[in-house]
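What follows is the content of start-v2.cif (mmCIF, C-alpha atoms).
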```
data_final
loop_
_atom_site.label_atom_id
_atom_site.label_comp_id
_atom_site.auth_asym_id
_atom_site.auth_seq_id
_atom_site.Cartn_x
_atom_site.Cartn_y
_atom_site.Cartn_z
CA MET A 1 52.07 -89.72 122.95
CA THR A 2 55.01 -91.19 124.83
CA ASP A 3 58.18 -92.17 122.93
CA ALA A 4 57.16 -95.81 123.11
CA GLU A 5 53.67 -95.01 121.77
CA ILE A 6 55.17 -93.00 118.92
CA ALA A 7 57.55 -95.84 117.99
CA SER A 8 54.75 -98.39 118.03
CA PHE A 9 52.36 -96.14 116.07
CA LYS A 10 54.99 -95.43 113.39
CA GLN A 11 55.76 -99.10 113.07
CA ASP A 12 52.09 -100.01 112.65
CA VAL A 13 51.64 -97.40 109.94
CA ASN A 14 54.82 -98.42 108.12
CA VAL A 15 53.87 -102.09 108.11
CA VAL A 16 50.52 -101.25 106.49
CA ALA A 17 52.00 -98.67 104.09
CA LYS A 18 54.72 -101.07 102.90
CA LYS A 19 52.11 -103.60 101.84
CA ILE A 20 50.36 -101.09 99.58
CA LYS A 21 50.81 -101.93 95.88
CA THR A 22 47.60 -100.25 94.78
CA LEU A 23 45.16 -98.05 96.60
CA SER A 24 41.86 -96.49 95.68
CA THR A 25 39.69 -94.35 97.86
CA ASP A 26 36.73 -91.99 97.68
CA PHE A 27 37.27 -88.57 99.13
CA VAL A 28 35.35 -85.47 100.14
CA GLN A 29 37.29 -82.23 100.16
CA TYR A 30 36.25 -79.28 102.33
CA LYS A 31 37.92 -75.98 101.59
CA HIS A 32 37.58 -73.87 104.67
CA MET A 33 38.19 -70.14 104.58
CA ASP A 34 37.40 -68.07 107.57
CA PHE A 35 35.45 -65.38 105.70
CA LEU A 36 33.08 -67.80 103.94
CA SER A 37 29.68 -68.81 105.34
CA LYS A 38 30.32 -72.44 104.53
CA ASP A 39 33.10 -74.73 103.30
CA ILE A 40 33.44 -75.38 99.58
CA GLU A 41 32.74 -79.07 99.14
CA THR A 42 34.06 -81.16 96.26
CA SER A 43 34.37 -84.93 96.00
CA GLY A 44 35.74 -87.74 93.88
CA LYS A 45 38.15 -90.64 93.77
CA MET A 46 41.88 -91.12 94.14
CA ILE A 47 43.78 -94.06 92.66
CA PHE A 48 47.43 -94.96 93.23
CA LYS A 49 49.56 -97.73 91.79
CA GLU A 50 53.16 -98.45 92.63
CA PRO A 51 55.70 -97.10 91.99
CA ASN A 52 54.36 -93.70 90.89
CA LEU A 53 51.06 -93.72 89.00
CA LEU A 54 48.54 -91.41 90.58
CA GLN A 55 45.11 -90.15 89.59
CA TRP A 56 43.18 -87.53 91.54
CA GLN A 57 39.68 -87.24 90.13
CA TYR A 58 36.97 -84.77 91.12
CA LYS A 59 33.46 -85.86 90.14
CA LYS A 60 31.27 -83.40 92.00
CA PRO A 61 30.25 -80.69 91.43
CA TYR A 62 32.48 -80.75 88.33
CA ASN A 63 34.63 -83.25 86.45
CA TYR A 64 38.31 -82.53 86.81
CA SER A 65 40.97 -85.17 86.77
CA ILE A 66 44.72 -84.93 87.17
CA VAL A 67 47.11 -87.82 86.47
CA PHE A 68 50.76 -87.95 87.53
CA LYS A 69 52.58 -90.30 85.18
CA ASN A 70 56.16 -90.65 83.89
CA GLY A 71 57.16 -87.10 84.64
CA LYS A 72 53.97 -85.68 83.13
CA ILE A 73 50.90 -84.11 84.62
CA LEU A 74 47.82 -84.89 82.50
CA ILE A 75 44.75 -82.77 83.12
CA ASN A 76 41.21 -83.37 81.96
CA ASP A 77 39.02 -80.40 82.82
CA GLU A 78 35.41 -81.17 81.81
CA GLY A 79 36.74 -82.86 78.66
CA LYS A 80 39.32 -80.20 77.94
CA LYS A 81 42.66 -82.00 77.98
CA SER A 82 46.12 -80.64 78.61
CA ALA A 83 49.52 -81.96 79.62
CA VAL A 84 52.41 -80.45 81.47
CA ASP A 85 55.82 -82.03 80.98
CA ILE A 86 57.74 -81.63 84.17
CA GLY A 87 60.46 -84.16 83.32
CA ASN A 88 62.41 -85.39 86.24
CA SER A 89 61.77 -82.28 88.25
CA LYS A 90 62.22 -82.53 91.98
CA ILE A 91 58.85 -80.88 92.51
CA PHE A 92 57.09 -83.69 90.67
CA GLY A 93 58.69 -86.31 92.87
CA ARG A 94 57.85 -84.26 95.89
CA ILE A 95 54.18 -83.71 95.11
CA ASN A 96 53.76 -87.36 94.26
CA LYS A 97 55.50 -88.44 97.45
CA LEU A 98 53.46 -85.98 99.46
CA ILE A 99 50.07 -87.12 98.12
CA VAL A 100 50.86 -90.81 98.31
CA GLY A 101 52.48 -90.30 101.69
CA SER A 102 49.44 -88.43 102.96
CA VAL A 103 47.04 -91.13 101.87
CA SER A 104 49.16 -94.12 102.89
CA GLY A 105 50.39 -92.38 106.03
CA ASN A 106 54.02 -93.16 105.33
CA MET A 107 55.67 -89.79 105.52
CA PHE A 108 57.61 -89.95 108.75
CA ASP A 109 60.65 -88.25 107.27
CA ASP A 110 62.36 -86.20 109.97
CA LYS A 111 64.60 -84.51 107.39
CA GLU A 112 61.57 -83.07 105.53
CA PHE A 113 59.27 -82.36 108.46
CA ALA A 114 59.17 -81.49 112.12
CA ILE A 115 56.70 -84.11 113.34
CA SER A 116 54.58 -84.19 116.46
CA TYR A 117 52.18 -86.90 117.63
CA PHE A 118 48.85 -86.82 119.44
CA LYS A 119 46.19 -89.32 120.38
CA SER A 120 42.47 -88.99 120.76
CA LYS A 121 39.57 -91.40 121.07
CA GLY A 122 40.04 -94.15 118.48
CA GLN A 123 42.44 -92.03 116.49
CA ASN A 124 46.07 -91.03 116.25
CA ILE A 125 47.11 -87.70 114.82
CA ALA A 126 50.47 -86.78 113.32
CA LYS A 127 51.32 -83.16 112.53
CA PHE A 128 53.98 -82.41 109.95
CA ILE A 129 55.58 -78.98 109.64
CA PRO A 130 57.65 -78.66 106.44
CA LYS A 131 61.29 -77.75 106.90
CA ASP A 132 61.79 -76.69 103.28
CA ALA A 133 61.22 -72.95 102.84
CA THR A 134 59.53 -73.27 99.40
CA LEU A 135 57.08 -75.91 100.58
CA LYS A 136 56.44 -73.97 103.76
CA LYS A 137 55.24 -70.97 101.73
CA TYR A 138 52.31 -73.07 100.47
CA ILE A 139 51.65 -75.40 103.36
CA LYS A 140 52.07 -74.37 106.93
CA GLN A 141 51.24 -77.78 108.32
CA ILE A 142 49.92 -81.18 107.23
CA GLU A 143 47.78 -83.05 109.73
CA LEU A 144 47.08 -86.75 109.22
CA THR A 145 44.42 -88.51 111.25
CA PHE A 146 44.74 -92.30 111.52
CA ASP A 147 42.25 -94.93 112.48
CA LYS A 148 43.86 -96.56 115.53
CA GLU A 149 42.84 -100.10 114.66
CA GLU A 150 43.70 -100.16 110.98
CA ALA A 151 46.64 -97.73 111.13
CA THR A 152 45.42 -96.07 107.92
CA VAL A 153 44.73 -92.42 107.15
CA VAL A 154 41.12 -91.29 107.44
CA GLN A 155 41.64 -87.55 107.13
CA VAL A 156 44.23 -85.19 105.63
CA LYS A 157 44.24 -81.55 106.68
CA LEU A 158 46.43 -79.05 104.87
CA LEU A 159 46.76 -75.79 106.74
CA GLU A 160 47.60 -72.64 104.80
CA SER A 161 47.29 -70.38 107.78
CA SER A 162 45.62 -70.61 111.15
CA GLU A 163 42.26 -69.65 109.60
CA ASP A 164 42.31 -71.37 106.22
CA TYR A 165 42.75 -75.04 105.46
CA THR A 166 41.77 -77.88 103.13
CA ARG A 167 40.33 -80.94 104.85
CA ILE A 168 40.10 -84.19 102.90
CA VAL A 169 38.11 -87.08 104.33
CA LEU A 170 38.96 -90.50 102.89
CA LYS A 171 36.47 -93.32 102.79
CA ASN A 172 35.77 -96.66 101.10
CA LYS A 173 39.48 -97.33 100.89
CA VAL A 174 40.48 -100.44 98.91
CA ILE A 175 44.05 -101.71 99.18
CA ASN A 176 45.77 -103.95 96.63
CA ALA A 177 42.86 -104.50 94.27
CA LYS A 178 43.99 -105.12 90.68
CA ILE A 179 44.28 -101.79 88.89
CA ASP A 180 45.24 -101.65 85.24
CA ASP A 181 47.78 -99.07 84.02
CA SER A 182 45.20 -97.90 81.47
CA VAL A 183 43.27 -96.28 84.33
CA PHE A 184 45.96 -93.61 84.43
CA THR A 185 45.06 -91.93 81.17
CA ASN A 186 43.18 -88.72 80.98
CA MET B 1 58.16 -20.74 59.99
CA GLN B 2 56.11 -21.73 56.97
CA LYS B 3 57.53 -25.21 57.07
CA SER B 4 56.51 -25.73 60.66
CA THR B 5 53.01 -24.40 59.95
CA ILE B 6 52.61 -26.95 57.14
CA GLN B 7 53.86 -29.66 59.46
CA PHE B 8 51.39 -28.54 62.11
CA LEU B 9 48.54 -28.64 59.62
CA LEU B 10 49.58 -32.04 58.35
CA ILE B 11 49.66 -33.44 61.87
CA ASN B 12 46.28 -31.95 62.60
CA CYS B 13 44.79 -33.39 59.42
CA PHE B 14 46.32 -36.76 60.25
CA LEU B 15 44.88 -36.64 63.76
CA ALA B 16 41.49 -35.63 62.43
CA ILE B 17 41.50 -38.54 59.98
CA VAL B 18 42.54 -40.99 62.71
CA LEU B 19 39.86 -39.75 65.08
CA VAL B 20 37.14 -39.79 62.46
CA SER B 21 38.08 -43.23 61.18
CA CYS B 22 38.22 -44.71 64.69
CA GLY B 23 35.00 -43.07 65.60
CA SER B 24 33.46 -43.40 68.99
CA VAL B 25 32.34 -46.63 70.62
CA THR B 26 28.82 -45.22 70.68
CA LYS B 27 28.60 -44.58 66.94
CA ASN B 28 26.19 -47.48 66.42
CA TYR B 29 23.92 -46.43 69.25
CA THR B 30 21.15 -43.86 69.23
CA PRO B 31 21.29 -41.19 71.95
CA LYS B 32 18.30 -41.17 74.24
CA LYS B 33 16.99 -38.96 77.01
CA LEU B 34 18.47 -39.94 80.38
CA GLU B 35 15.95 -42.04 82.29
CA LYS B 36 17.97 -42.75 85.42
CA THR B 37 21.09 -41.56 87.13
CA ALA B 38 22.36 -44.87 88.47
CA VAL B 39 22.37 -48.57 87.54
CA GLU B 40 22.58 -51.21 90.26
CA VAL B 41 24.51 -54.42 89.71
CA PRO B 42 23.19 -57.03 92.15
CA TYR B 43 25.21 -60.06 91.03
CA PHE B 44 27.94 -59.93 93.72
CA SER B 45 26.34 -57.66 96.29
CA GLU B 46 24.67 -59.93 98.84
CA PRO B 47 26.82 -60.08 102.01
CA LYS B 48 25.43 -63.47 103.05
CA THR B 49 26.33 -65.20 99.80
CA ASP B 50 29.60 -66.99 99.06
CA TYR B 51 30.09 -66.42 95.34
CA VAL B 52 32.01 -69.52 94.22
CA TYR B 53 32.83 -70.16 90.56
CA LYS B 54 34.84 -72.78 88.69
CA THR B 55 37.15 -70.69 86.57
CA ASN B 56 39.06 -71.06 83.33
CA ILE B 57 41.61 -68.45 82.36
CA THR B 58 43.09 -68.32 78.86
CA VAL B 59 46.02 -65.96 78.58
CA TYR B 60 47.98 -65.79 75.31
CA GLY B 61 47.07 -69.40 74.51
CA HIS B 62 47.90 -70.72 77.97
CA GLU B 63 45.13 -72.36 79.94
CA MET B 64 44.74 -72.17 83.67
CA SER B 65 41.89 -73.30 85.88
CA GLY B 66 40.82 -73.00 89.47
CA ILE B 67 38.16 -71.74 91.83
CA PHE B 68 37.17 -68.06 92.06
CA ILE B 69 35.61 -66.95 95.33
CA ALA B 70 34.16 -63.51 96.04
CA LYS B 71 32.44 -62.35 99.19
CA LYS B 72 31.26 -58.98 100.33
CA ILE B 73 32.92 -58.45 103.70
CA ASN B 74 31.62 -54.95 104.50
CA ASP B 75 29.71 -52.06 102.88
CA THR B 76 32.49 -51.16 100.48
CA THR B 77 34.82 -54.13 100.21
CA HIS B 78 34.93 -57.60 98.64
CA ARG B 79 37.37 -60.36 99.47
CA VAL B 80 38.45 -62.12 96.26
CA VAL B 81 40.34 -65.41 96.40
CA PHE B 82 41.53 -67.70 93.61
CA THR B 83 42.55 -71.26 94.47
CA THR B 84 43.57 -74.38 92.55
CA GLU B 85 41.09 -77.28 92.42
CA PHE B 86 43.11 -78.80 95.29
CA GLY B 87 42.39 -75.77 97.41
CA ASN B 88 45.77 -74.02 97.40
CA LYS B 89 45.35 -70.27 97.42
CA LEU B 90 46.91 -68.58 94.39
CA PHE B 91 45.91 -65.07 95.36
CA ASP B 92 43.84 -63.34 98.00
CA PHE B 93 42.78 -59.71 97.51
CA GLU B 94 40.60 -57.17 99.30
CA ILE B 95 39.10 -54.72 96.87
CA SER B 96 36.77 -51.70 96.92
CA ASP B 97 36.15 -48.79 94.53
CA THR B 98 39.03 -46.89 96.06
CA THR B 99 41.18 -49.38 97.96
CA PHE B 100 43.11 -52.49 97.08
CA LYS B 101 45.06 -54.85 99.31
CA VAL B 102 46.99 -58.01 98.44
CA ASN B 103 46.62 -60.41 101.37
CA SER B 104 48.70 -63.04 99.57
CA ILE B 105 49.82 -64.09 96.10
CA VAL B 106 52.05 -66.97 94.97
CA SER B 107 55.40 -65.81 93.57
CA GLU B 108 54.61 -67.15 90.05
CA LEU B 109 51.71 -64.68 89.74
CA ASP B 110 53.27 -61.82 91.66
CA LYS B 111 53.68 -59.48 88.67
CA LYS B 112 52.59 -55.87 88.82
CA ILE B 113 51.00 -55.86 85.34
CA LEU B 114 48.97 -58.97 86.14
CA ILE B 115 47.83 -57.68 89.52
CA ASN B 116 46.77 -54.35 87.98
CA THR B 117 44.83 -56.13 85.24
CA LEU B 118 43.00 -58.31 87.76
CA LYS B 119 42.35 -55.31 89.99
CA GLU B 120 40.68 -53.44 87.10
CA ASP B 121 38.66 -56.52 86.10
CA PHE B 122 37.42 -57.35 89.58
CA ARG B 123 36.61 -53.75 90.43
CA LEU B 124 34.46 -53.61 87.31
CA LEU B 125 32.85 -56.96 88.10
CA LEU B 126 32.10 -56.32 91.77
CA LYS B 127 31.03 -52.67 91.65
CA LYS B 128 27.51 -52.40 93.02
CA GLU B 129 26.36 -49.12 91.53
CA TYR B 130 27.35 -47.20 88.43
CA LEU B 131 26.47 -43.49 88.19
CA ILE B 132 25.09 -42.63 84.75
CA GLN B 133 25.68 -39.50 82.67
CA GLU B 134 24.39 -40.44 79.23
CA GLN B 135 21.99 -42.92 77.75
CA PHE B 136 21.78 -44.64 74.35
CA GLU B 137 19.87 -47.47 72.83
CA ASN B 138 20.14 -50.07 70.13
CA GLU B 139 17.58 -52.59 68.98
CA SER B 140 17.81 -54.86 72.01
CA ASP B 141 19.29 -52.81 74.84
CA ASN B 142 19.24 -49.58 76.74
CA ILE B 143 22.86 -48.51 77.07
CA TYR B 144 23.99 -46.42 80.04
CA LYS B 145 27.28 -44.56 80.01
CA SER B 146 29.20 -44.17 83.25
CA ALA B 147 32.38 -42.09 83.18
CA ASP B 148 35.36 -43.44 85.11
CA GLY B 149 38.48 -41.28 84.81
CA ASN B 150 39.93 -41.64 81.33
CA ARG B 151 37.70 -44.64 80.67
CA ASP B 152 33.96 -44.98 80.10
CA ASN B 153 31.86 -47.91 81.20
CA TYR B 154 28.79 -48.86 79.16
CA LEU B 155 26.10 -50.93 80.80
CA PHE B 156 23.82 -52.88 78.49
CA VAL B 157 20.42 -53.52 80.01
CA SER B 158 18.13 -55.69 77.87
CA LYS B 159 14.86 -54.03 76.91
CA LYS B 160 12.98 -57.29 77.09
CA GLU B 161 14.15 -58.59 80.47
CA GLN B 162 15.31 -55.31 82.02
CA LYS B 163 18.52 -57.08 83.12
CA LEU B 164 22.14 -56.02 82.94
CA GLU B 165 23.66 -58.54 80.55
CA LYS B 166 26.81 -56.83 79.35
CA LEU B 167 29.32 -54.29 80.59
CA VAL B 168 31.86 -52.68 78.28
CA ARG B 169 34.84 -50.67 79.47
CA SER B 170 36.35 -48.50 76.78
CA SER B 171 38.68 -45.65 76.01
CA LYS B 172 37.29 -42.75 73.98
CA THR B 173 37.77 -44.77 70.81
CA LYS B 174 38.14 -48.45 71.62
CA GLU B 175 36.51 -51.18 73.67
CA LYS B 176 38.99 -52.59 76.20
CA ILE B 177 37.12 -55.04 78.41
CA THR B 178 33.77 -56.77 77.93
CA ILE B 179 31.98 -58.58 80.73
CA THR B 180 28.96 -60.70 79.82
CA PHE B 181 26.56 -62.15 82.37
CA THR B 182 24.42 -65.26 81.87
CA LEU B 183 21.75 -65.07 84.52
CA GLU B 184 20.32 -67.72 86.79
CA ASN B 185 17.79 -65.22 88.17
CA ASP B 186 17.42 -61.46 88.81
CA ILE B 187 20.24 -61.27 91.29
CA PHE B 188 22.56 -64.11 90.38
CA ALA B 189 24.82 -64.83 87.40
CA LYS B 190 25.51 -68.50 86.65
CA LYS B 191 28.15 -67.62 84.11
CA VAL B 192 30.39 -64.61 83.69
CA VAL B 193 32.91 -64.02 80.91
CA ILE B 194 35.54 -61.28 81.18
CA LEU B 195 37.11 -60.68 77.79
CA HIS B 196 39.97 -58.31 77.09
CA GLN B 197 40.18 -56.76 73.64
CA ASN B 198 43.68 -55.30 73.83
CA ILE B 199 45.42 -58.29 75.41
CA LYS B 200 44.71 -61.96 74.83
CA LEU B 201 43.01 -62.65 78.12
CA ARG B 202 39.71 -64.38 78.74
CA ILE B 203 38.34 -65.30 82.15
CA GLU B 204 35.29 -67.57 82.32
CA LEU B 205 33.45 -68.11 85.60
CA ASN B 206 30.88 -70.89 85.97
CA TYR B 207 28.89 -71.07 89.17
CA LEU B 208 29.88 -74.01 91.36
CA LYS B 209 26.60 -75.57 92.39
CA SER B 210 26.90 -77.24 95.74
CA GLU B 211 25.07 -80.54 96.13
#
```

Structure translated into structure tokens:
Amino acid sequence: MTDAEIASFKQDVNVVAKKIKTLSTDFVQYKHMDFLSKDIETSGKMIFKEPNLLQWQYKKPYNYSIVFKNGKILINDEGKKSAVDIGNSKIFGRINKLIVGSVSGNMFDDKEFAISYFKSKGQNIAKFIPKDATLKKYIKQIELTFDKEEATVVQVKLLESSEDYTRIVLKNKVINAKIDDSVFTN
Amino acid sequence: MQKSTIQFLLINCFLAIVLVSCGSVTKNYTPKKLEKTAVEVPYFSEPKTDYVYKTNITVYGHEMSGIFIAKKINDTTHRVVFTTEFGNKLFDFEISDTTFKVNSIVSELDKKILINTLKEDFRLLLKKEYLIQEQFENESDNIYKSADGNRDNYLFVSKKEQKLEKLVRSSKTKEKITITFTLENDIFAKKVVILHQNIKLRIELNYLKSE
């Protein structure tokens, strides 16, 4: 992309992302590891409500749901419930920001990431390389693919190494539907 | 001189009592004539199969979950990876009967005692063939003893189904690790439980059925 294209693309994404009060989307997650014959496929639903309520729910092939809420992580693993109190930890804020940013697309933070931009047919791609050493240990690169028309994220790819990555395809996205706080219990 | 002899005798008596009271792990089994010299374990041995299990680990009351993945990558070696549900790799090992390599491990789990425990567990779980020196039986199973250094492994093969359903690793006197297999068919386990007797560690693997 040229500088002008980058500026215009970022603006489009930010305009859409700023409007997001709630967001729900179905997802399919493909865990790719080079030595496996096929990707490990899991799927479910993700729900976000401003400012920081987040639920990531796997429904297939198992039920596993994780809620980020008021400095707590609530886990429901096939009915087995647990909670982790992480208080006001920086990591909590970071994970939350990262997930919401990945799904809304609004993570153009040059202080956190070295960002590069690419275009392909009908899509824009932004690649984020973490600058923080701790984050970098876990994620080598985050790749967001945007629908050109709607300026929303259609795919998130988290690269652990050149061979292994997690690819999450988002579909049936609904923005700003009414979502009750009670959804974020586990 | 006399005093030390008495001491020596006392110690010996004490040892004898301890040994007798502990007994051997085979005391409840009846010895039997050896029928075979090796037992095959087919549950993780097919090179084409990705063995993927949803996993719950309970360690001293703490719960942890994730995805366990094992794959045979050559004649002797398995790749074993554990990830979170989100897909982040927590550890990545390459393991055979005689070799062990850590490809990666997150710093929170990078403890020698933990790695050694997992190495012993996985080696036991993934081993394809156990050489047998002695045989026993109880009501339901034929029990094959396979020596392994200062440990013995006991393989419990059900008389009815002729299937390996349990594997016990023990010292001369005590059971240390028990692995139980719930079978989907002859060559595949849909559930595996690795239970430690000397530390509070339980690992449960449930096969992740793809759609």

- Task: Kindly resolve the PyMOL selection byres ((chain A) within 9 of (chain B)) on the present coordinates and return the residues as a PyMOL selection string.
- Result: chain A and resi 29-32+35-38+40-42+58+60-62+64+77+82+137-139+160+165-166

- Message: I'd like the residues picked by the PyMOL selection byres ((chain A and resi 43-49) around 8) written out as a VMD selection string, using the chain letters and numbers from the file.
- Response: chain A and resid 21 to 29 41 to 42 50 to 61 100 179

Dump C-alpha atoms for the selected residues as a compact mmCIF listing (two decimals), in the coordinates of the input?
```txt
# COMPACT_ATOMS: atom_id res chain seq x y z
CA LYS A 21 50.81 -101.93 95.88
CA THR A 22 47.60 -100.25 94.78
CA LEU A 23 45.16 -98.05 96.60
CA SER A 24 41.86 -96.49 95.68
CA THR A 25 39.69 -94.35 97.86
CA ASP A 26 36.73 -91.99 97.68
CA PHE A 27 37.27 -88.57 99.13
CA VAL A 28 35.35 -85.47 100.14
CA GLN A 29 37.29 -82.23 100.16
CA GLU A 41 32.74 -79.07 99.14
CA THR A 42 34.06 -81.16 96.26
CA GLU A 50 53.16 -98.45 92.63
CA PRO A 51 55.70 -97.10 91.99
CA ASN A 52 54.36 -93.70 90.89
CA LEU A 53 51.06 -93.72 89.00
CA LEU A 54 48.54 -91.41 90.58
CA GLN A 55 45.11 -90.15 89.59
CA TRP A 56 43.18 -87.53 91.54
CA GLN A 57 39.68 -87.24 90.13
CA TYR A 58 36.97 -84.77 91.12
CA LYS A 59 33.46 -85.86 90.14
CA LYS A 60 31.27 -83.40 92.00
CA PRO A 61 30.25 -80.69 91.43
CA VAL A 100 50.86 -90.81 98.31
CA ILE A 179 44.28 -101.79 88.89
```

Residues near Ile187 of chain B, cut-off 9 Å, all atoms listed in the file, skip fewer than 4 positions along chain, as a compact mmCIF listing (two decimals) with C-alpha atoms, keeping the file's coordinate frame:
```
# COMPACT_ATOMS: atom_id res chain seq x y z
CA VAL B 41 24.51 -54.42 89.71
CA PRO B 42 23.19 -57.03 92.15
CA TYR B 43 25.21 -60.06 91.03
CA PHE B 44 27.94 -59.93 93.72
CA SER B 45 26.34 -57.66 96.29
CA GLU B 46 24.67 -59.93 98.84
CA LEU B 183 21.75 -65.07 84.52
```

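Our summary of the geometry notes that atom CA of Lys36 of chain B is positioned 14.1 Å from atom CA of Leu164 of chain B.
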
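For the pair atom CA of Gly122 of chain A and atom CA of Asp12 of chain A, the interatomic distance is 14.6 Å.
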
- If you apply the PyMOL selection byres ((chain B and resi 153) around 9) to this file, what residues do you get, as a PyMOL selection string? chain B and resi 124+130+144-148+151-152+154-155+167-171

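Going from atom CA of Asp97 of chain B to atom CA of Asp164 of chain A covers 26.2 Å.
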
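Using all atoms listed in the file for every distance, the candidate list A:Ser182, A:Val103, A:Leu159, A:Asp109 yields A:Val103 as the residue closest to Phe146 of chain A.
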
- Query: Leaving out Lys140 of chain A and any residue of its chain fewer than 2 positions from it, which residues lie within 12 Å of it when counting all atoms listed in the file, given as a PyMOL selection string?
  - Reply: (chain A and resi 113-114+127-138+142-143+157-166) or (chain B and resi 88)

Selection export as a compact mmCIF listing (two decimals), in the coordinates of the input, atoms kept: C-alpha atoms:
```
# COMPACT_ATOMS: atom_id res chain seq x y z
CA PHE A 113 59.27 -82.36 108.46
CA ALA A 114 59.17 -81.49 112.12
CA LYS A 127 51.32 -83.16 112.53
CA PHE A 128 53.98 -82.41 109.95
CA ILE A 129 55.58 -78.98 109.64
CA PRO A 130 57.65 -78.66 106.44
CA LYS A 131 61.29 -77.75 106.90
CA ASP A 132 61.79 -76.69 103.28
CA ALA A 133 61.22 -72.95 102.84
CA THR A 134 59.53 -73.27 99.40
CA LEU A 135 57.08 -75.91 100.58
CA LYS A 136 56.44 -73.97 103.76
CA LYS A 137 55.24 -70.97 101.73
CA TYR A 138 52.31 -73.07 100.47
CA ILE A 142 49.92 -81.18 107.23
CA GLU A 143 47.78 -83.05 109.73
CA LYS A 157 44.24 -81.55 106.68
CA LEU A 158 46.43 -79.05 104.87
CA LEU A 159 46.76 -75.79 106.74
CA GLU A 160 47.60 -72.64 104.80
CA SER A 161 47.29 -70.38 107.78
CA SER A 162 45.62 -70.61 111.15
CA GLU A 163 42.26 -69.65 109.60
CA ASP A 164 42.31 -71.37 106.22
CA TYR A 165 42.75 -75.04 105.46
CA THR A 166 41.77 -77.88 103.13
CA ASN B 88 45.77 -74.02 97.40
```

Could you rebuild segment 37-51 of chain B with N, CA and C atoms and give me the result as a compact mmCIF listing (two decimals), keeping the file's coordinate frame?
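The resulting file, result_17.txt, is reproduced below:
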```txt
# COMPACT_ATOMS: atom_id res chain seq x y z
N THR B 37 19.76 -42.09 86.85
CA THR B 37 21.09 -41.56 87.13
C THR B 37 22.04 -42.62 87.68
N ALA B 38 21.49 -43.81 87.96
CA ALA B 38 22.36 -44.87 88.47
C ALA B 38 21.82 -46.24 88.03
N VAL B 39 22.76 -47.19 87.82
CA VAL B 39 22.37 -48.57 87.54
C VAL B 39 22.98 -49.45 88.61
N GLU B 40 22.13 -50.28 89.21
CA GLU B 40 22.58 -51.21 90.26
C GLU B 40 23.00 -52.54 89.64
N VAL B 41 24.09 -53.09 90.15
CA VAL B 41 24.51 -54.42 89.71
C VAL B 41 24.43 -55.36 90.91
N PRO B 42 23.43 -56.25 90.94
CA PRO B 42 23.19 -57.03 92.15
C PRO B 42 23.94 -58.37 92.21
N TYR B 43 24.73 -58.68 91.17
CA TYR B 43 25.21 -60.06 91.03
C TYR B 43 26.27 -60.49 92.04
N PHE B 44 26.93 -59.55 92.71
CA PHE B 44 27.94 -59.93 93.72
C PHE B 44 27.75 -59.12 95.01
N SER B 45 26.52 -58.67 95.25
CA SER B 45 26.34 -57.66 96.29
C SER B 45 25.73 -58.16 97.59
N GLU B 46 25.34 -59.43 97.64
CA GLU B 46 24.67 -59.93 98.84
C GLU B 46 25.72 -60.40 99.87
N PRO B 47 25.77 -59.74 101.03
CA PRO B 47 26.82 -60.08 102.01
C PRO B 47 26.75 -61.51 102.53
N LYS B 48 25.56 -62.11 102.50
CA LYS B 48 25.43 -63.47 103.05
C LYS B 48 25.91 -64.54 102.08
N THR B 49 26.04 -64.18 100.81
CA THR B 49 26.33 -65.20 99.80
C THR B 49 27.83 -65.38 99.58
N ASP B 50 28.26 -66.66 99.53
CA ASP B 50 29.60 -66.99 99.06
C ASP B 50 29.49 -67.16 97.54
N TYR B 51 30.14 -66.29 96.79
CA TYR B 51 30.09 -66.42 95.34
C TYR B 51 31.27 -67.29 94.89
```
